[in-house]
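Asker: query.pdb is reproduced below (PDB, C-alpha atoms).
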ATOM      1  CA  MET A 103      10.200  10.300 -24.835
ATOM      2  CA  ALA A 104      10.998  12.515 -21.865
ATOM      3  CA  HIS A 105      11.011  10.887 -18.464
ATOM      4  CA  ILE A 106      10.480  12.379 -15.052
ATOM      5  CA  HIS A 107      13.270  12.645 -12.524
ATOM      6  CA  ASN A 108      11.617  12.707  -9.131
ATOM      7  CA  ASP A 109      13.508  13.821  -6.091
ATOM      8  CA  ILE A 110      12.268  10.862  -4.047
ATOM      9  CA  ALA A 111      13.544  10.370  -0.519
ATOM     10  CA  HIS A 112      13.886   6.604  -0.050
ATOM     11  CA  LEU A 113      13.563   5.879   3.656
ATOM     12  CA  LEU A 114      14.337   2.671   5.517
ATOM     13  CA  PHE A 115      12.496   1.783   8.694
ATOM     14  CA  ASN A 116      15.396   2.682  10.974
ATOM     15  CA  ASP A 117      15.882   6.067   9.256
ATOM     16  CA  ILE A 118      12.937   7.573  11.118
ATOM     17  CA  ASN A 119      11.716   5.049  13.688
ATOM     18  CA  SER A 120      13.059   4.959  17.237
ATOM     19  CA  ASN A 121      12.121   1.292  17.803
ATOM     20  CA  SER A 122      14.153   0.004  14.875
ATOM     21  CA  ASP A 123      15.169  -3.169  16.719
ATOM     22  CA  LEU A 124      11.542  -4.174  17.273
ATOM     23  CA  LEU A 125      10.458  -3.240  13.711
ATOM     24  CA  ILE A 126       7.372  -1.442  15.010
ATOM     25  CA  ASN A 127       6.785   2.117  16.154
ATOM     26  CA  THR A 128       3.784   4.250  17.111
ATOM     27  CA  SER A 129       3.229   7.724  18.503
ATOM     28  CA  THR A 130       1.556  11.022  17.666
ATOM     29  CA  GLY A 131       2.725  13.068  14.705
ATOM     30  CA  ASN A 132       4.932  15.050  17.074
ATOM     31  CA  GLN A 133       7.546  12.291  17.002
ATOM     32  CA  LEU A 134       8.046  12.457  13.213
ATOM     33  CA  LYS A 135       7.470  16.113  12.370
ATOM     34  CA  ASP A 136      10.297  16.225   9.818
ATOM     35  CA  TYR A 137       8.698  13.313   7.986
ATOM     36  CA  TYR A 138       5.086  14.446   8.044
ATOM     37  CA  TYR A 139       5.681  18.164   7.539
ATOM     38  CA  GLY A 140       8.806  18.080   5.383
ATOM     39  CA  ASN A 141       6.924  18.572   2.086
ATOM     40  CA  LYS A 142       8.999  15.852   0.424
ATOM     41  CA  LEU A 143       8.192  12.970  -1.866
ATOM     42  CA  TYR A 144       8.903   9.692  -0.082
ATOM     43  CA  ALA A 145       9.103   5.977  -0.720
ATOM     44  CA  THR A 146       9.676   3.648   2.238
ATOM     45  CA  ASN A 147      10.320  -0.027   2.961
ATOM     46  CA  PHE A 148       7.682  -0.347   5.689
ATOM     47  CA  PHE A 149       3.927  -0.389   6.209
ATOM     48  CA  GLU A 150       2.233   2.641   7.679
ATOM     49  CA  ILE A 151      -1.245   3.465   9.013
ATOM     50  CA  ILE A 152      -2.167   7.016  10.024
ATOM     51  CA  PHE A 153      -5.195   7.843  12.190
ATOM     52  CA  PHE A 154      -6.620  11.380  12.031
ATOM     53  CA  ARG A 155      -9.002  12.735  14.661
ATOM     54  CA  THR A 156      -9.214  15.892  12.564
ATOM     55  CA  GLY A 157      -8.323  15.902   8.916
ATOM     56  CA  LYS A 158      -7.588  18.764   6.578
ATOM     57  CA  GLY A 159      -5.285  18.781   3.575
ATOM     58  CA  GLN A 160      -4.129  16.073   1.202
ATOM     59  CA  ILE A 161      -1.857  13.092   0.946
ATOM     60  CA  TRP A 162      -0.564  12.294  -2.531
ATOM     61  CA  ILE A 163      -0.107   8.552  -3.031
ATOM     62  CA  ASN A 164       1.324   7.462  -6.389
ATOM     63  CA  ASP A 165      -0.986   9.186  -8.895
ATOM     64  CA  SER A 166      -3.837   9.996  -6.540
ATOM     65  CA  LYS A 167      -4.664  12.885  -4.250
ATOM     66  CA  ILE A 168      -6.378  11.689  -1.080
ATOM     67  CA  GLU A 169      -8.424  14.392   0.649
ATOM     68  CA  LEU A 170      -8.253  14.131   4.411
ATOM     69  CA  CYS A 171     -11.317  14.451   6.594
ATOM     70  CA  ASP A 172     -12.123  13.991  10.268
ATOM     71  CA  ASN A 173     -11.829  10.418  11.582
ATOM     72  CA  SER A 174      -9.976   9.164   8.527
ATOM     73  CA  VAL A 175      -7.460   6.325   8.381
ATOM     74  CA  ILE A 176      -4.783   6.241   5.671
ATOM     75  CA  PHE A 177      -2.918   3.094   4.597
ATOM     76  CA  LEU A 178       0.516   3.092   2.957
ATOM     77  CA  SER A 179       2.343   0.087   1.530
ATOM     78  CA  PRO A 180       6.102  -0.197   1.007
ATOM     79  CA  SER A 181       7.532   1.554  -2.079
ATOM     80  CA  GLN A 182       4.472   3.742  -2.697
ATOM     81  CA  ARG A 183       5.406   7.303  -3.667
ATOM     82  CA  HIS A 184       3.730   9.673  -1.231
ATOM     83  CA  CYS A 185       3.831  13.275  -0.058
ATOM     84  CA  TYR A 186       2.063  14.895   2.888
ATOM     85  CA  HIS A 187       0.312  18.275   2.620
ATOM     86  CA  MET A 188      -1.599  18.312   5.885
ATOM     87  CA  ASP A 189      -3.118  21.200   7.801
ATOM     88  CA  VAL A 190      -3.444  19.096  10.942
ATOM     89  CA  ALA A 191      -1.925  19.617  14.388
ATOM     90  CA  ALA A 192       0.731  16.980  15.061
ATOM     91  CA  GLU A 193      -1.005  15.861  18.259
ATOM     92  CA  ASP A 194      -4.296  15.260  16.407
ATOM     93  CA  PHE A 195      -3.091  12.213  14.538
ATOM     94  CA  ARG A 196      -1.284   8.997  15.413
ATOM     95  CA  PHE A 197       0.710   6.622  13.254
ATOM     96  CA  VAL A 198       1.843   3.045  13.445
ATOM     97  CA  THR A 199       4.721   1.852  11.268
ATOM     98  CA  PHE A 200       5.991  -1.705  11.032
ATOM     99  CA  LYS A 201       8.009  -4.067   8.891
ATOM    100  CA  GLU A 202       6.480  -7.225   7.473
ATOM    101  CA  GLU A 203       9.094  -9.213   9.402
ATOM    102  CA  PHE A 204       7.589  -8.008  12.666
ATOM    103  CA  LEU A 205       4.312  -9.752  11.830
ATOM    104  CA  TYR A 206       6.175 -12.947  10.984
ATOM    105  CA  SER A 207       7.806 -12.858  14.416
ATOM    106  CA  PHE A 208       4.520 -13.768  16.073
ATOM    107  CA  LEU A 209       2.236 -14.979  13.274
ATOM    108  CA  ALA A 210       2.761 -18.250  11.449
ATOM    109  CA  ASP A 211       1.082 -16.781   8.376
ATOM    110  CA  LYS A 212       3.267 -15.846   5.408
ATOM    111  CA  TYR A 213       0.266 -14.320   3.617
ATOM    112  CA  ILE A 214      -0.874 -11.986   6.390
ATOM    113  CA  THR A 215      -0.167  -8.741   4.496
ATOM    114  CA  PHE A 216      -1.895 -10.116   1.400
ATOM    115  CA  ARG A 217      -5.004 -10.856   3.458
ATOM    116  CA  LEU A 218      -5.277  -7.181   4.403
ATOM    117  CA  HIS A 219      -7.418  -5.610   1.703
ATOM    118  CA  TYR A 220      -6.039  -2.126   2.200
ATOM    119  CA  TYR A 221      -2.500  -3.224   1.297
ATOM    120  CA  TYR A 222      -1.084  -4.333  -2.048
ATOM    121  CA  GLN A 223      -4.117  -3.303  -4.071
ATOM    122  CA  THR A 224      -4.941  -0.631  -6.637
ATOM    123  CA  ALA A 225      -8.698  -0.967  -7.122
ATOM    124  CA  ASN A 226      -9.877   1.015  -4.053
ATOM    125  CA  PRO A 227      -8.544   4.165  -2.370
ATOM    126  CA  PRO A 228      -6.257   3.662   0.658
ATOM    127  CA  ILE A 229      -8.557   5.528   3.027
ATOM    128  CA  LEU A 230     -11.217   4.504   5.532
ATOM    129  CA  VAL A 231     -13.529   7.010   7.239
ATOM    130  CA  THR A 232     -14.915   6.003  10.612
ATOM    131  CA  ASP A 233     -16.634   7.803  13.515
ATOM    132  CA  ASN A 234     -15.565   9.488  16.754
ATOM    133  CA  ASN A 235     -16.131   6.442  18.945
ATOM    134  CA  GLN A 236     -14.154   4.124  16.692
ATOM    135  CA  MET A 237     -11.322   6.629  16.307
ATOM    136  CA  ASN A 238     -11.137   7.052  20.084
ATOM    137  CA  ARG A 239     -10.807   3.283  20.371
ATOM    138  CA  TYR A 240      -7.965   3.241  17.824
ATOM    139  CA  PHE A 241      -6.147   5.966  19.755
ATOM    140  CA  GLU A 242      -6.516   3.964  22.975
ATOM    141  CA  VAL A 243      -5.064   0.839  21.345
ATOM    142  CA  LEU A 244      -2.161   2.764  19.801
ATOM    143  CA  ASN A 245      -1.441   4.528  23.070
ATOM    144  CA  GLU A 246      -1.296   1.185  24.864
ATOM    145  CA  ILE A 247       1.057  -0.200  22.199
ATOM    146  CA  GLU A 248       3.316   2.836  22.628
ATOM    147  CA  GLN A 249       3.420   2.348  26.396
ATOM    148  CA  LYS A 250       4.199  -1.356  26.075
ATOM    149  CA  LEU A 251       7.056  -0.670  23.645
ATOM    150  CA  THR A 252       8.894   1.051  26.503
ATOM    151  CA  ASP A 253       8.024  -1.700  29.009
ATOM    152  CA  LYS A 254      10.859  -4.159  29.627
ATOM    153  CA  SER A 255       8.694  -6.850  31.233
ATOM    154  CA  SER A 256       8.368 -10.237  29.561
ATOM    155  CA  SER A 257       4.638  -9.793  28.991
ATOM    156  CA  ALA A 258       4.956  -6.488  27.104
ATOM    157  CA  LEU A 259       5.784  -7.757  23.619
ATOM    158  CA  PRO A 260       3.011 -10.404  23.472
ATOM    159  CA  ILE A 261       0.546  -7.642  24.375
ATOM    160  CA  VAL A 262       1.948  -5.443  21.576
ATOM    161  CA  ASN A 263       1.557  -8.353  19.156
ATOM    162  CA  SER A 264      -2.043  -9.026  20.127
ATOM    163  CA  LEU A 265      -3.026  -5.341  20.025
ATOM    164  CA  LEU A 266      -1.498  -4.789  16.594
ATOM    165  CA  TYR A 267      -3.139  -7.928  15.240
ATOM    166  CA  TYR A 268      -6.501  -6.809  16.631
ATOM    167  CA  LEU A 269      -6.057  -3.418  14.988
ATOM    168  CA  LEU A 270      -5.102  -4.830  11.585
ATOM    169  CA  VAL A 271      -7.966  -7.337  11.497
ATOM    170  CA  GLN A 272     -10.549  -4.829  12.734
ATOM    171  CA  LEU A 273      -9.521  -2.342  10.056
ATOM    172  CA  ASN A 274      -9.578  -5.093   7.438
ATOM    173  CA  HIS A 275     -13.144  -5.988   8.376
ATOM    174  CA  LEU A 276     -14.312  -2.379   8.130
ATOM    175  CA  TYR A 277     -12.403  -1.729   4.903
ATOM    176  CA  ALA A 278     -13.883  -4.818   3.241
ATOM    177  CA  LYS A 279     -17.368  -3.744   4.331
ATOM    178  CA  ARG A 280     -16.851  -0.156   3.125
ATOM    179  CA  TYR A 281     -15.675  -1.178  -0.354
ATOM    180  CA  ASN A 282     -17.869  -4.254  -0.733
ATOM    181  CA  ILE A 283     -14.982  -6.715  -0.827
ATOM    182  CA  PRO A 284     -15.626 -10.344   0.190
ATOM    183  CA  GLU A 285     -14.499 -11.116   3.726
ATOM    184  CA  SER A 286     -11.200 -12.968   3.922
ATOM    185  CA  THR A 287     -11.271 -16.723   4.250
ATOM    186  CA  GLY A 288      -8.220 -18.264   5.827
ATOM    187  CA  ASP A 289      -8.060 -21.305   3.555
ATOM    188  CA  ASN A 290      -7.966 -19.514   0.181
ATOM    189  CA  ASN A 291      -4.212 -19.724  -0.238
ATOM    190  CA  ILE A 292      -4.331 -19.884  -4.034
ATOM    191  CA  ALA A 293      -5.652 -16.321  -4.165
ATOM    192  CA  TYR A 294      -3.007 -15.107  -1.701
ATOM    193  CA  GLN A 295      -0.230 -16.912  -3.567
ATOM    194  CA  PHE A 296      -1.372 -15.217  -6.766
ATOM    195  CA  LYS A 297      -1.334 -11.813  -5.089
ATOM    196  CA  GLU A 298       2.122 -12.511  -3.687
ATOM    197  CA  LEU A 299       3.412 -13.427  -7.154
ATOM    198  CA  LEU A 300       1.984 -10.197  -8.556
ATOM    199  CA  GLU A 301       4.069  -8.283  -6.024
ATOM    200  CA  LYS A 302       7.256 -10.300  -6.264
ATOM    201  CA  ASN A 303       7.316 -11.978  -9.664
ATOM    202  CA  MET A 304       5.621  -9.664 -12.137
ATOM    203  CA  ILE A 305       8.459  -9.275 -14.640
ATOM    204  CA  GLY A 306       7.945 -11.410 -17.737
ATOM    205  CA  LYS A 307       4.486 -12.548 -16.642
ATOM    206  CA  GLN A 308       1.391 -10.856 -18.005
ATOM    207  CA  THR A 309      -1.181 -13.592 -18.555
ATOM    208  CA  VAL A 310      -3.327 -15.466 -16.079
ATOM    209  CA  ALA A 311      -2.262 -18.687 -17.777
ATOM    210  CA  ASP A 312       1.369 -17.999 -16.816
ATOM    211  CA  TYR A 313       0.427 -17.547 -13.173
ATOM    212  CA  ALA A 314      -1.903 -20.550 -13.154
ATOM    213  CA  LYS A 315       0.940 -22.684 -14.501
ATOM    214  CA  LYS A 316       3.290 -21.309 -11.859
ATOM    215  CA  LEU A 317       0.743 -22.179  -9.141
ATOM    216  CA  CYS A 318      -0.014 -25.617 -10.662
ATOM    217  CA  VAL A 319      -3.755 -24.944 -10.994
ATOM    218  CA  SER A 320      -6.109 -24.363 -13.899
ATOM    219  CA  ARG A 321      -7.080 -20.886 -15.053
ATOM    220  CA  ILE A 322     -10.653 -21.628 -13.968
ATOM    221  CA  THR A 323      -9.550 -22.592 -10.463
ATOM    222  CA  LEU A 324      -7.329 -19.514 -10.172
ATOM    223  CA  ASN A 325     -10.016 -17.129 -11.419
ATOM    224  CA  SER A 326     -12.596 -18.624  -9.080
ATOM    225  CA  ALA A 327     -10.288 -18.381  -6.054
ATOM    226  CA  VAL A 328      -9.330 -14.773  -6.799
ATOM    227  CA  LYS A 329     -12.915 -13.716  -7.509
ATOM    228  CA  ASN A 330     -14.147 -15.265  -4.264
ATOM    229  CA  GLN A 331     -11.380 -13.626  -2.254
ATOM    230  CA  PHE A 332     -10.951 -10.184  -3.782
ATOM    231  CA  GLY A 333     -14.189  -9.522  -5.638
ATOM    232  CA  MET A 334     -12.497  -9.231  -9.033
ATOM    233  CA  THR A 335     -11.096 -11.668 -11.552
ATOM    234  CA  ALA A 336      -7.454 -12.672 -11.731
ATOM    235  CA  THR A 337      -7.257 -10.866 -15.083
ATOM    236  CA  GLU A 338      -8.525  -7.616 -13.559
ATOM    237  CA  LEU A 339      -6.103  -7.875 -10.645
ATOM    238  CA  LEU A 340      -3.234  -8.644 -13.021
ATOM    239  CA  LYS A 341      -4.008  -5.705 -15.317
ATOM    240  CA  ASN A 342      -4.302  -3.300 -12.375
ATOM    241  CA  LYS A 343      -0.925  -4.384 -11.035
ATOM    242  CA  LEU A 344       0.698  -4.316 -14.459
ATOM    243  CA  ILE A 345      -0.460  -0.743 -15.069
ATOM    244  CA  HIS A 346       0.786   0.256 -11.616
ATOM    245  CA  ASN A 347       4.245  -1.196 -12.328
ATOM    246  CA  ILE A 348       4.475   0.426 -15.759
ATOM    247  CA  LYS A 349       3.529   3.815 -14.303
ATOM    248  CA  THR A 350       6.140   3.425 -11.581
ATOM    249  CA  ASP A 351       8.848   2.693 -14.131
ATOM    250  CA  LEU A 352       7.758   5.590 -16.338
ATOM    251  CA  VAL A 353       8.147   8.176 -13.578
ATOM    252  CA  GLU A 354      11.049   6.705 -11.597
ATOM    253  CA  THR A 355      13.421   5.437 -14.288
ATOM    254  CA  ASN A 356      14.891   6.339 -17.666
ATOM    255  CA  TYR A 357      13.601   3.137 -19.246
ATOM    256  CA  SER A 358      12.309   3.527 -22.783
ATOM    257  CA  VAL A 359       8.898   2.257 -23.816
ATOM    258  CA  SER A 360      10.680  -0.344 -25.943
ATOM    259  CA  TYR A 361      12.574  -1.611 -22.905
ATOM    260  CA  LEU A 362       9.398  -1.677 -20.799
ATOM    261  CA  SER A 363       7.529  -3.624 -23.459
ATOM    262  CA  GLU A 364      10.243  -6.275 -23.340
ATOM    263  CA  LYS A 365      10.409  -6.203 -19.537
ATOM    264  CA  TYR A 366       6.673  -6.847 -19.169
ATOM    265  CA  GLY A 367       6.315  -9.388 -21.945
ATOM    266  CA  PHE A 368       4.774  -7.318 -24.767
ATOM    267  CA  SER A 369       5.922  -8.323 -28.239
ATOM    268  CA  GLU A 370       6.136  -4.701 -29.422
ATOM    269  CA  ALA A 371       6.223  -1.249 -27.879
ATOM    270  CA  ASN A 372       2.987  -0.372 -29.696
ATOM    271  CA  HIS A 373       1.220  -3.213 -27.911
ATOM    272  CA  LEU A 374       2.240  -1.811 -24.528
ATOM    273  CA  MET A 375       1.115   1.683 -25.577
ATOM    274  CA  ARG A 376      -2.293   0.384 -26.688
ATOM    275  CA  PHE A 377      -2.657  -1.600 -23.468
ATOM    276  CA  PHE A 378      -1.774   1.480 -21.411
ATOM    277  CA  LYS A 379      -4.352   3.647 -23.167
ATOM    278  CA  SER A 380      -7.069   0.985 -22.981
ATOM    279  CA  GLN A 381      -6.567   0.659 -19.206
ATOM    280  CA  THR A 382      -6.054   4.320 -18.276
ATOM    281  CA  GLY A 383      -7.783   6.294 -21.045
ATOM    282  CA  GLN A 384      -4.509   8.195 -21.564
ATOM    283  CA  THR A 385      -1.527   7.908 -23.825
ATOM    284  CA  ILE A 386       1.803   7.415 -22.084
ATOM    285  CA  GLY A 387       2.847  10.916 -23.150
ATOM    286  CA  LYS A 388      -0.300  12.459 -21.658
ATOM    287  CA  TYR A 389       0.163  10.533 -18.426
ATOM    288  CA  ILE A 390       3.738  11.787 -18.031
ATOM    289  CA  GLU A 391       2.618  15.344 -18.835
ATOM    290  CA  GLU A 392      -0.115  15.267 -16.177
ATOM    291  CA  TYR A 393       2.135  13.602 -13.633
ATOM    292  CA  THR A 394       4.746  16.320 -14.171
ATOM    293  CA  LYS A 395       2.076  18.989 -13.535
ATOM    294  CA  MET A 396       1.019  17.166 -10.368
ATOM    295  CA  MET A 397       4.602  17.077  -9.097
ATOM    296  CA  SER A 398       4.939  20.792  -9.784
ATOM    297  CA  ALA A 399       1.759  21.457  -7.794
ATOM    298  CA  ILE A 400       3.061  19.410  -4.872
ATOM    299  CA  HIS A 401       6.333  21.262  -4.685
TER     300      HIS A 401
END
Please go through the file and, once you have read it, give me the structure as structure tokens.

Answerer:
Amino acid sequence: MAHIHNDIAHLLFNDINSNSDLLINTSTGNQLKDYYYGNKLYATNFFEIIFFRTGKGQIWINDSKIELCDNSVIFLSPSQRHCYHMDVAAEDFRFVTFKEEFLYSFLADKYITFRLHYYYQTANPPILVTDNNQMNRYFEVLNEIEQKLTDKSSSALPIVNSLLYYLLVQLNHLYAKRYNIPESTGDNNIAYQFKELLEKNMIGKQTVADYAKKLCVSRITLNSAVKNQFGMTATELLKNKLIHNIKTDLVETNYSVSYLSEKYGFSEANHLMRFFKSQTGQTIGKYIEEYTKMMSAIH
């Protein structure tokens, strides 16, 4: 089976961000014109949120084309393949980029990124549309963060921390409301631990029973915790993540289907192929064909 060889630019945080020591950066699109208008396919090791006063064009994220509109907010997680095709003036949008480690520097919460519904998920699109007043407020907060990042006083960084946290939580609240996701509850660590394992320990695990055993809880307890927290069962979340990982390997590596079936715990390649079609409605060959066409359209 033919595989795709993407010309993906893998960027580290300090490749494009001026505040690499602080692990956070924000400005208008003017600061990163080569990144946003370079017409390249990227994958990064940092989180990114982009705020558009005016929106026209598309952002391709993994397999999806996200149509921009006015007052839209786009969320990008580390390692997601993405490409910008925007017809937007650089001064009409702002970004904030940050590493997970920056959040840990002021939050004693190892699950913070897993509590944010717009990150590390595949069920809902990574876009939130708001209104003029709310977008103006976001721009004010981001502008204040940018100013404080150049301030050498001792009070500057705590203000940056509090403003970023406010922004992340506010967006999480609105995103959960928009997509009818249960509000986060701080004490549901089983659900967050499960989501963390999906991100960091997928290989060789493809049943809820495996994860329940790893977390030392019953399948019923795990399913209940995940359903209450994310609005879907642990099985649904697991299948979504498994499909995402298989797709990533199909388009970014030369791995055979036989190798992937072994990697993800399927007893035979045919079982993986049937699973893929049942979840996506496509054969693996058709998916690769359509993805190749999409890449041609982007470039």

Asker: Using only C-alpha atoms, which protein or nucleic acid residues come within 12 Å of Leu124 (chain A)? Drop anything in the same chain fewer than 3 positions from it, and give the result as a list in words.

Answerer: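 Surrounding residues, per the criterion: Phe115, Asn116, Asn119, Ser120, Asn121, Asn127, Thr128, Thr199, Phe200, Lys201, Glu202, Glu203, Phe204, Leu205, Ser207, Phe208, Lys250, Leu251, Thr252, Leu259, Val262 and Asn263 of chain A.
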
Asker: Identify all residues satisfying the PyMOL selection byres ((chain A and resi 171) around 12) in the given file; provide them as a PDB file with C-alpha atoms, in the coordinates of the input.

Answerer:
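Everything below was put into selection_9.pdb:
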ATOM      1  CA  PHE A 153      -5.195   7.843  12.190  1.00  0.00           C
ATOM      2  CA  PHE A 154      -6.620  11.380  12.031  1.00  0.00           C
ATOM      3  CA  ARG A 155      -9.002  12.735  14.661  1.00  0.00           C
ATOM      4  CA  THR A 156      -9.214  15.892  12.564  1.00  0.00           C
ATOM      5  CA  GLY A 157      -8.323  15.902   8.916  1.00  0.00           C
ATOM      6  CA  LYS A 158      -7.588  18.764   6.578  1.00  0.00           C
ATOM      7  CA  GLY A 159      -5.285  18.781   3.575  1.00  0.00           C
ATOM      8  CA  GLN A 160      -4.129  16.073   1.202  1.00  0.00           C
ATOM      9  CA  ILE A 161      -1.857  13.092   0.946  1.00  0.00           C
ATOM     10  CA  ILE A 168      -6.378  11.689  -1.080  1.00  0.00           C
ATOM     11  CA  GLU A 169      -8.424  14.392   0.649  1.00  0.00           C
ATOM     12  CA  LEU A 170      -8.253  14.131   4.411  1.00  0.00           C
ATOM     13  CA  ASP A 172     -12.123  13.991  10.268  1.00  0.00           C
ATOM     14  CA  ASN A 173     -11.829  10.418  11.582  1.00  0.00           C
ATOM     15  CA  SER A 174      -9.976   9.164   8.527  1.00  0.00           C
ATOM     16  CA  VAL A 175      -7.460   6.325   8.381  1.00  0.00           C
ATOM     17  CA  ILE A 176      -4.783   6.241   5.671  1.00  0.00           C
ATOM     18  CA  MET A 188      -1.599  18.312   5.885  1.00  0.00           C
ATOM     19  CA  ASP A 189      -3.118  21.200   7.801  1.00  0.00           C
ATOM     20  CA  VAL A 190      -3.444  19.096  10.942  1.00  0.00           C
ATOM     21  CA  PHE A 195      -3.091  12.213  14.538  1.00  0.00           C
ATOM     22  CA  ILE A 229      -8.557   5.528   3.027  1.00  0.00           C
ATOM     23  CA  LEU A 230     -11.217   4.504   5.532  1.00  0.00           C
ATOM     24  CA  VAL A 231     -13.529   7.010   7.239  1.00  0.00           C
ATOM     25  CA  THR A 232     -14.915   6.003  10.612  1.00  0.00           C
ATOM     26  CA  ASP A 233     -16.634   7.803  13.515  1.00  0.00           C
TER      27      ASP A 233
END

Asker: With all atoms listed in the file as the atoms that count, which of A:Asn164, A:Gln331, A:Gln182, A:Asn342 lies nearest to His112 (chain A)?

Answerer: A:Gln182

Asker: Which of these residues is nearest to Glu242 (chain A), using all atoms listed in the file: A:Ser166, A:Asn347, A:Ser129, A:Asn356?

Answerer: A:Ser129

Asker: Name the residues in contact with Trp162 (chain A) at a cut-off of 6 Å, using all atoms listed in the file, excluding same-chain residues fewer than 4 positions from it; report them as an MDAnalysis selection string.

Answerer: chainID A and resid 166:167 184:185

Asker: Would you put the residues from that selection into a file with C-alpha atoms, as an mmCIF file, in the coordinates of the input?

Answerer:
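Result went into again-v1.cif, see below:
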data_model
loop_
_atom_site.group_PDB
_atom_site.id
_atom_site.type_symbol
_atom_site.label_atom_id
_atom_site.label_comp_id
_atom_site.auth_asym_id
_atom_site.auth_seq_id
_atom_site.Cartn_x
_atom_site.Cartn_y
_atom_site.Cartn_z
ATOM 1 C CA SER A 166 -3.837 9.996 -6.540
ATOM 2 C CA LYS A 167 -4.664 12.885 -4.250
ATOM 3 C CA HIS A 184 3.730 9.673 -1.231
ATOM 4 C CA CYS A 185 3.831 13.275 -0.058
#

Asker: Can you work out the spacing between CA of Leu317 (chain A) and CA of Lys341 (chain A) in Å, to one decimal?

Answerer: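 Value for the CA of Leu317 (chain A)-CA of Lys341 (chain A) distance: 18.2 Å.
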
Asker: To one decimal place, how far is CA of His187 (chain A) from CA of Tyr137 (chain A) in Å?

Answerer: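 Between these atoms lies a distance of 11.1 Å.
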
Asker: For the file shown, what are the residues hit by the PyMOL selection byres ((chain A and resi 141-145) around 10), laid out as a ChimeraX atom specification?

Answerer: /A:108-114,136-140,146-148,162-164,178-188,397,400-401

Asker: Between CA of Ser264 (chain A) and CA of Leu125 (chain A), what is the distance, to one decimal in Å?

Answerer: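 Computing it gives 15.2 Å between the two atoms.
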
Asker: Counting only C-alpha atoms, what is within 12 Å of Tyr267 (chain A), bar same-chain residues fewer than 2 positions away, as a PDB file with C-alpha atoms, keeping the file's coordinate frame?

Answerer:
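Final file, around-v5.pdb:
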ATOM      1  CA  PHE A 200       5.991  -1.705  11.032  1.00  0.00           C
ATOM      2  CA  PHE A 204       7.589  -8.008  12.666  1.00  0.00           C
ATOM      3  CA  LEU A 205       4.312  -9.752  11.830  1.00  0.00           C
ATOM      4  CA  TYR A 206       6.175 -12.947  10.984  1.00  0.00           C
ATOM      5  CA  PHE A 208       4.520 -13.768  16.073  1.00  0.00           C
ATOM      6  CA  LEU A 209       2.236 -14.979  13.274  1.00  0.00           C
ATOM      7  CA  ASP A 211       1.082 -16.781   8.376  1.00  0.00           C
ATOM      8  CA  ILE A 214      -0.874 -11.986   6.390  1.00  0.00           C
ATOM      9  CA  THR A 215      -0.167  -8.741   4.496  1.00  0.00           C
ATOM     10  CA  LEU A 218      -5.277  -7.181   4.403  1.00  0.00           C
ATOM     11  CA  VAL A 243      -5.064   0.839  21.345  1.00  0.00           C
ATOM     12  CA  LEU A 244      -2.161   2.764  19.801  1.00  0.00           C
ATOM     13  CA  ILE A 247       1.057  -0.200  22.199  1.00  0.00           C
ATOM     14  CA  PRO A 260       3.011 -10.404  23.472  1.00  0.00           C
ATOM     15  CA  ILE A 261       0.546  -7.642  24.375  1.00  0.00           C
ATOM     16  CA  VAL A 262       1.948  -5.443  21.576  1.00  0.00           C
ATOM     17  CA  ASN A 263       1.557  -8.353  19.156  1.00  0.00           C
ATOM     18  CA  SER A 264      -2.043  -9.026  20.127  1.00  0.00           C
ATOM     19  CA  LEU A 265      -3.026  -5.341  20.025  1.00  0.00           C
ATOM     20  CA  LEU A 269      -6.057  -3.418  14.988  1.00  0.00           C
ATOM     21  CA  LEU A 270      -5.102  -4.830  11.585  1.00  0.00           C
ATOM     22  CA  VAL A 271      -7.966  -7.337  11.497  1.00  0.00           C
ATOM     23  CA  GLN A 272     -10.549  -4.829  12.734  1.00  0.00           C
ATOM     24  CA  LEU A 273      -9.521  -2.342  10.056  1.00  0.00           C
ATOM     25  CA  ASN A 274      -9.578  -5.093   7.438  1.00  0.00           C
TER      26      ASN A 274
END

Asker: From the list A:Asp165, A:Leu134, A:Lys279, A:Gln236, which residue is nearest Thr382 (chain A) when using all atoms listed in the file?

Answerer: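 Nearest candidate to Thr382 (chain A) out of A:Asp165, A:Leu134, A:Lys279, A:Gln236: A:Asp165.
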
Asker: Between A:Lys135, A:Lys254, A:Lys315, A:Lys343, which one has atoms that come closest to Ala191 (chain A), using only C-alpha atoms?

Answerer: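 Smallest distance to Ala191 (chain A) is found for A:Lys135.
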
Asker: Measuring atom to atom with all atoms listed in the file, identify which of A:Arg217, A:Arg321, A:His373, A:Lys297 is nearest to Pro284 (chain A).

Answerer: A:Arg217

Asker: Could you spell out the hits of the PyMOL selection byres ((chain A and resi 376-379) around 10) on the shown file, as a list in words?

Answerer: Lys341, Leu344, Ile345, Ile348, Lys349, Phe368, Ala371, Asn372, His373, Leu374, Met375, Ser380, Gln381, Thr382, Gly383, Gln384, Thr385, Ile386, Lys388 and Tyr389 of chain A

Asker: Got a sec to check which residues sit within 7 Å of (1.6, 14.0, 16.2), counting only C-alpha atoms, and write them as a ChimeraX atom specification?

Answerer: /A:129-133,191-196

Asker: Counting only C-alpha atoms, which of A:Tyr220, A:Lys365, A:Ala210, A:Ala399 gets nearest to Tyr277 (chain A)?

Answerer: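 For Tyr277 (chain A), the nearest of the candidates is A:Tyr220.
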
Asker: Need the neighbours of (-7.0, -2.9, -4.8): which residues are at most 10 Å away, counting all atoms listed in the file, as a PyMOL selection string?

Answerer: chain A and resi 219-228+281+283+332-334+339+342-343
